[in-house]
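Text of entry-v9.csv (CSV, C-alpha atoms and all ligand atoms) as supplied:
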chain,number,residue,atom,x,y,z
A,408,MET,CA,-29.1,16.5,25.9
A,409,ALA,CA,-32.3,15.1,24.5
A,410,PHE,CA,-33.7,11.7,25.8
A,411,VAL,CA,-33.6,8.7,23.5
A,412,PHE,CA,-37.4,8.5,24.0
A,413,PRO,CA,-39.8,10.8,25.8
A,414,PRO,CA,-39.4,10.5,29.6
A,415,PRO,CA,-42.4,9.1,31.6
A,416,PRO,CA,-44.8,11.6,33.0
A,417,GLN,CA,-44.1,13.1,36.5
A,418,ALA,CA,-46.3,11.4,39.1
A,419,SER,CA,-48.3,14.0,40.9
A,420,LEU,CA,-51.2,14.6,43.2
A,421,PRO,CA,-53.8,17.5,43.1
A,422,VAL,CA,-53.6,20.1,45.8
A,423,VAL,CA,-56.8,21.3,47.5
A,424,GLY,CA,-57.4,24.9,46.8
A,425,SER,CA,-54.7,25.2,44.2
A,426,ALA,CA,-54.2,24.8,40.5
A,427,LEU,CA,-50.7,23.5,41.2
A,428,LEU,CA,-49.8,19.9,41.5
A,429,PHE,CA,-47.7,18.1,44.2
A,430,PRO,CA,-44.9,16.3,42.4
A,431,VAL,CA,-44.3,12.9,43.8
A,432,HIS,CA,-40.7,11.6,44.3
A,433,ARG,CA,-40.9,8.4,46.4
A,434,VAL,CA,-43.7,6.5,48.2
A,435,TYR,CA,-42.8,5.0,51.5
A,436,CYS,CA,-45.2,2.8,53.6
A,437,ILE,CA,-44.9,1.8,57.2
A,438,GLY,CA,-46.0,-1.8,58.1
A,439,ARG,CA,-48.1,-2.7,61.1
A,440,ASN,CA,-48.5,0.7,62.7
A,441,TYR,CA,-51.8,0.2,64.5
A,442,ALA,CA,-51.7,-2.5,67.2
A,443,GLU,CA,-55.0,-4.1,66.4
A,444,HIS,CA,-54.0,-4.5,62.7
A,445,ALA,CA,-50.7,-6.0,63.7
A,446,ARG,CA,-52.6,-8.5,65.8
A,447,GLU,CA,-55.0,-9.3,63.0
A,448,MET,CA,-52.0,-10.0,60.8
A,449,GLY,CA,-50.6,-12.4,63.4
A,450,HIS,CA,-47.9,-10.3,64.9
A,451,ASP,CA,-47.1,-8.9,68.4
A,452,PRO,CA,-47.2,-5.1,68.1
A,453,ASP,CA,-45.3,-4.5,71.3
A,454,ARG,CA,-41.8,-5.7,70.4
A,455,GLU,CA,-41.2,-4.6,66.9
A,456,PRO,CA,-39.2,-1.7,65.6
A,457,PRO,CA,-40.8,0.2,62.7
A,458,PHE,CA,-40.2,-1.2,59.2
A,459,PHE,CA,-41.0,0.3,55.8
A,460,PHE,CA,-41.5,-0.8,52.2
A,461,GLN,CA,-42.1,1.2,49.1
A,462,LYS,CA,-44.6,1.6,46.3
A,463,ASN,CA,-43.8,3.2,43.0
A,464,PRO,CA,-44.7,6.9,42.5
A,465,ASP,CA,-46.7,6.0,39.5
A,466,ASN,CA,-48.8,3.5,41.5
A,467,LEU,CA,-50.7,6.5,42.9
A,468,ARG,CA,-54.0,6.9,41.2
A,469,THR,CA,-56.3,9.9,41.4
A,470,ASP,CA,-59.2,9.3,39.1
A,471,GLY,CA,-61.5,7.7,41.8
A,472,THR,CA,-61.2,4.1,40.4
A,473,PHE,CA,-59.2,1.1,41.4
A,474,PRO,CA,-58.8,-1.4,38.5
A,475,PHE,CA,-58.9,-4.9,39.9
A,476,PRO,CA,-55.4,-6.3,39.3
A,477,GLU,CA,-54.4,-9.5,37.6
A,478,ILE,CA,-52.8,-12.6,39.2
A,479,SER,CA,-54.3,-12.2,42.7
A,480,GLN,CA,-57.4,-13.9,44.2
A,481,ASP,CA,-57.2,-11.9,47.4
A,482,VAL,CA,-57.0,-8.1,46.9
A,483,GLN,CA,-57.5,-6.1,50.1
A,484,PHE,CA,-58.0,-2.5,51.1
A,485,GLU,CA,-56.0,-0.7,53.8
A,486,ILE,CA,-57.1,2.8,54.6
A,487,GLU,CA,-54.1,5.1,55.5
A,488,MET,CA,-53.3,8.8,56.0
A,489,ALA,CA,-50.7,9.9,53.5
A,490,VAL,CA,-48.1,12.5,54.6
A,491,CYS,CA,-46.6,14.6,51.8
A,492,LEU,CA,-43.2,16.3,52.3
A,493,LYS,CA,-42.1,19.7,51.1
A,494,SER,CA,-38.5,19.2,52.1
A,495,GLY,CA,-36.3,16.5,53.6
A,496,GLY,CA,-32.8,15.6,54.6
A,497,ARG,CA,-30.9,12.9,56.5
A,498,GLY,CA,-31.0,12.3,60.2
A,499,ILE,CA,-34.0,14.5,60.8
A,500,GLU,CA,-34.4,15.1,64.5
A,501,LEU,CA,-37.8,14.3,66.0
A,502,GLU,CA,-38.5,17.9,67.0
A,503,ASN,CA,-37.9,19.1,63.4
A,504,ALA,CA,-39.9,16.4,61.6
A,505,LEU,CA,-43.3,18.1,61.3
A,506,GLY,CA,-41.6,21.2,59.7
A,507,HIS,CA,-41.0,19.0,56.6
A,508,ILE,CA,-44.7,18.3,56.0
A,509,PHE,CA,-46.5,20.0,53.1
A,510,GLY,CA,-49.8,18.3,53.7
A,511,TYR,CA,-52.0,15.2,54.1
A,512,ALA,CA,-54.1,13.0,51.9
A,513,VAL,CA,-56.4,10.0,52.2
A,514,ALA,CA,-55.0,7.0,50.5
A,515,LEU,CA,-55.5,3.3,50.1
A,516,ASP,CA,-52.6,0.8,50.4
A,517,MET,CA,-54.2,-1.8,48.1
A,518,THR,CA,-52.6,-5.2,48.7
A,519,ARG,CA,-52.5,-8.5,46.8
A,520,ARG,CA,-52.6,-10.3,50.1
A,521,ASP,CA,-52.1,-13.8,48.7
A,522,LEU,CA,-48.9,-12.8,46.8
A,523,GLN,CA,-47.7,-10.8,49.8
A,524,GLY,CA,-48.3,-13.8,52.1
A,525,ALA,CA,-46.4,-16.1,49.8
A,526,ALA,CA,-43.5,-13.7,49.6
A,527,LYS,CA,-43.4,-13.4,53.4
A,528,LYS,CA,-43.3,-17.2,53.8
A,529,LEU,CA,-40.4,-17.4,51.4
A,530,GLY,CA,-38.6,-14.4,52.9
A,531,ARG,CA,-38.9,-12.6,49.5
A,532,PRO,CA,-39.5,-8.9,48.9
A,533,TRP,CA,-43.1,-7.6,48.9
A,534,GLU,CA,-43.3,-5.7,45.6
A,535,VAL,CA,-45.6,-8.2,43.9
A,536,GLY,CA,-48.0,-7.8,46.8
A,537,LYS,CA,-47.7,-4.1,47.3
A,538,ALA,CA,-46.1,-2.1,44.5
A,539,PHE,CA,-48.3,-3.1,41.5
A,540,GLU,CA,-50.1,-0.8,39.0
A,541,HIS,CA,-52.8,1.5,40.6
A,542,SER,CA,-52.1,0.1,44.0
A,543,ALA,CA,-52.3,3.4,45.8
A,544,PRO,CA,-55.6,5.2,45.1
A,545,CYS,CA,-55.2,8.7,46.6
A,546,GLY,CA,-57.2,11.8,47.2
A,547,PRO,CA,-55.9,15.4,46.9
A,548,VAL,CA,-53.3,16.9,49.2
A,549,HIS,CA,-54.6,19.2,52.0
A,550,PRO,CA,-51.9,21.7,52.8
A,551,VAL,CA,-50.9,22.1,56.5
A,552,ALA,CA,-51.6,25.8,56.0
A,553,ALA,CA,-55.3,24.9,55.6
A,554,VAL,CA,-55.8,21.9,57.9
A,555,GLY,CA,-52.9,22.1,60.5
A,556,TYR,CA,-51.0,19.1,61.7
A,557,ARG,CA,-53.1,15.9,61.8
A,558,ALA,CA,-52.3,13.8,64.9
A,559,GLU,CA,-55.7,12.7,66.1
A,560,GLY,CA,-59.1,12.0,64.8
A,561,GLU,CA,-61.0,9.1,63.2
A,562,ILE,CA,-59.7,7.1,60.3
A,563,SER,CA,-62.2,4.7,58.7
A,564,LEU,CA,-63.2,2.8,55.6
A,565,ASP,CA,-66.6,1.8,54.4
A,566,GLN,CA,-67.2,-0.9,51.8
A,567,ASN,CA,-70.5,-0.7,50.0
A,568,GLY,CA,-71.9,1.4,52.9
A,569,GLU,CA,-70.7,-0.9,55.6
A,570,ARG,CA,-68.1,0.3,58.1
A,571,LYS,CA,-65.1,-2.2,57.9
A,572,GLN,CA,-62.1,-0.3,59.3
A,573,THR,CA,-62.1,2.2,62.1
A,574,GLY,CA,-59.4,3.7,64.3
A,575,ASP,CA,-57.9,7.0,65.4
A,576,LEU,CA,-54.7,8.6,64.3
A,577,ARG,CA,-53.7,8.7,68.0
A,578,GLN,CA,-53.4,4.9,67.8
A,579,MET,CA,-50.4,4.9,65.6
A,580,ILE,CA,-47.6,3.0,67.2
A,581,TRP,CA,-45.0,5.2,65.5
A,582,SER,CA,-46.1,8.8,65.2
A,583,VAL,CA,-45.7,10.7,61.9
A,584,SER,CA,-42.7,12.6,63.4
A,585,GLU,CA,-41.1,9.3,64.4
A,586,GLN,CA,-41.7,7.8,61.0
A,587,ILE,CA,-40.0,10.8,59.3
A,588,SER,CA,-37.1,10.7,61.7
A,589,VAL,CA,-36.5,7.0,61.4
A,590,LEU,CA,-37.0,6.9,57.6
A,591,SER,CA,-34.4,9.8,57.3
A,592,ARG,CA,-31.8,7.6,59.0
A,593,PHE,CA,-32.2,4.9,56.2
A,594,PHE,CA,-32.9,7.2,53.2
A,595,GLU,CA,-32.4,10.8,52.2
A,596,LEU,CA,-35.9,12.2,52.3
A,597,THR,CA,-36.7,14.9,49.8
A,598,ALA,CA,-39.5,17.2,48.7
A,599,GLY,CA,-42.1,15.2,47.0
A,600,ASP,CA,-41.8,12.1,49.2
A,601,VAL,CA,-45.1,10.6,50.4
A,602,ILE,CA,-45.4,8.4,53.5
A,603,LEU,CA,-48.4,6.1,54.0
A,604,THR,CA,-48.7,5.9,57.7
A,605,GLY,CA,-50.3,2.6,58.3
A,606,THR,CA,-53.8,1.1,58.6
A,607,PRO,CA,-56.1,0.3,61.5
A,608,ALA,CA,-57.7,-3.1,62.0
A,609,GLY,CA,-60.4,-4.5,59.7
A,610,VAL,CA,-58.7,-4.9,56.4
A,611,GLY,CA,-60.6,-7.0,53.9
A,612,ARG,CA,-61.2,-8.2,50.4
A,613,VAL,CA,-62.5,-6.2,47.5
A,614,ALA,CA,-64.4,-7.3,44.4
A,615,ARG,CA,-65.2,-5.5,41.1
A,616,GLY,CA,-68.2,-3.3,41.6
A,617,ASP,CA,-67.3,-2.4,45.2
A,618,ARG,CA,-67.6,1.2,46.4
A,619,LEU,CA,-64.9,2.1,49.0
A,620,VAL,CA,-65.1,5.3,51.0
A,621,GLY,CA,-62.1,6.2,53.1
A,622,ARG,CA,-62.1,9.0,55.7
A,623,VAL,CA,-59.6,10.8,57.8
A,624,ALA,CA,-60.9,13.4,60.1
A,625,GLY,CA,-60.3,16.9,58.7
A,626,LEU,CA,-59.7,15.7,55.1
A,627,ALA,CA,-62.0,15.2,52.2
A,628,GLU,CA,-63.4,11.7,51.9
A,629,LEU,CA,-61.9,9.4,49.3
A,630,ARG,CA,-64.4,7.5,47.1
A,631,ILE,CA,-63.1,4.7,45.0
A,632,ASP,CA,-64.9,2.4,42.6
A,633,VAL,CA,-63.4,-1.0,42.1
A,634,VAL,CA,-63.6,-1.6,38.3
B,1,MN,MN,-50.4,-0.6,54.7
Encoding of this model in structure tokens:
Amino acid sequence: MAFVFPPPPQASLPVVGSALLFPVHRVYCIGRNYAEHAREMGHDPDREPPFFFQKNPDNLRTDGTFPFPEISQDVQFEIEMAVCLKSGGRGIELENALGHIFGYAVALDMTRRDLQGAAKKLGRPWEVGKAFEHSAPCGPVHPVAAVGYRAEGEISLDQNGERKQTGDLRQMIWSVSEQISVLSRFFELTAGDVILTGTPAGVGRVARGDRLVGRVAGLAELRIDVV
């Protein structure tokens, strides 16, 4: 059967060293996964089970720009490592979780913090703060076959040449394996799913004209111009 109108394009990410694209299914994001960031957001990192929210697959943006969004007066960067799955399932055991990873990318969880804050206060969903157009600038996917499993090393963000965020992947409260295992109890994970694994402390505001450079040890740096 034909569609009543042409279907939207498949969201995808480039793959390092390949002419093929990684097709994106869903985008999951963990909240408050580095203790210092949880504290800067006013939370106690020690007594909280992991929680997740989602962005839309077509919020991913790969052209090196971040168009400053409408509505918000407080748009902030969050540097994160993205984990890209090649397979999935339900109830994935911790020891099998890494086997589902296709590769890793450097991503930004751009946030309309004022709208997110208002939503939090009212007990409303976070989509207006998190899942808006172009809210997930992302670099290419580095296959595990090329870079191995990434569980340690520096993660950082520079804004206009100044270091703003810094941390180490080892500081994740919930490891990548734990995130996959927990997520798979709530959702059926599939090939094409992307998980943003949380941000270290130091999040801050962006303005038009900013140059953001995100780095995760072992992956190509992500350069984003705020336009
Ligand atoms: Mn985040």
Nearest residue to ligand MN 1 (chain B) out of A:Cys436, A:Ala614, A:Val633, A:Ala624, using only C-alpha atoms and all ligand atoms?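 For ligand MN 1 (chain B), the nearest of the candidates is A:Cys436.
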- Task: Identify, on the basis of only C-alpha atoms, every residue whose closest approach to Gly568 in chain A does not exceed 9 Å; exclude the query and any residue fewer than 3 positions from it along the same chain; express the result as a list in words.
- Result: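 Once the adjacent positions are removed, what remains is Asp565, Arg618, Leu619 and Val620 of chain A.
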Restricted to C-alpha atoms, what would the selected residues look like written as a PDB file, keeping the file's coordinate frame?
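The resulting result_17.pdb:
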ATOM      1  CA  ASP A 565     -66.600   1.800  54.400  1.00  0.00           C
ATOM      2  CA  ARG A 618     -67.600   1.200  46.400  1.00  0.00           C
ATOM      3  CA  LEU A 619     -64.900   2.100  49.000  1.00  0.00           C
ATOM      4  CA  VAL A 620     -65.100   5.300  51.000  1.00  0.00           C
TER       5      VAL A 620
END
Please provide the set of residues having any atom within 9 Å of Ser494 in chain A, restricted to all atoms listed in the file, with same-chain residues fewer than 2 positions apart removed, written as a list in words.
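Neighbouring residues, sequence-local ones excluded: Leu492, Gly496, Gly506, His507, Ile508, Phe509, Leu596, Thr597, Ala598, Gly599 and Asp600 of chain A.
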Practice task
Skip range 457-462 of chain A itself and residues of its chain fewer than 3 positions away, then list as a ChimeraX atom specification all residues within 9 Å of it, counting all atoms listed in the file.
Solution key: /A:433-440,465-467,532-534,537-539,542-543,580-581,586,589-590
Please identify every polymer residue within 6 Å of ligand MN 1 (chain B), using all atoms listed in the file, and present the set as a compact mmCIF listing (two decimals) with C-alpha atoms, in the coordinates of the input.
# COMPACT_ATOMS: atom_id res chain seq x y z
CA GLY A 438 -46.00 -1.80 58.10
CA GLU A 485 -56.00 -0.70 53.80
CA ASP A 516 -52.60 0.80 50.40
CA GLY A 605 -50.30 2.60 58.30
CA THR A 606 -53.80 1.10 58.60
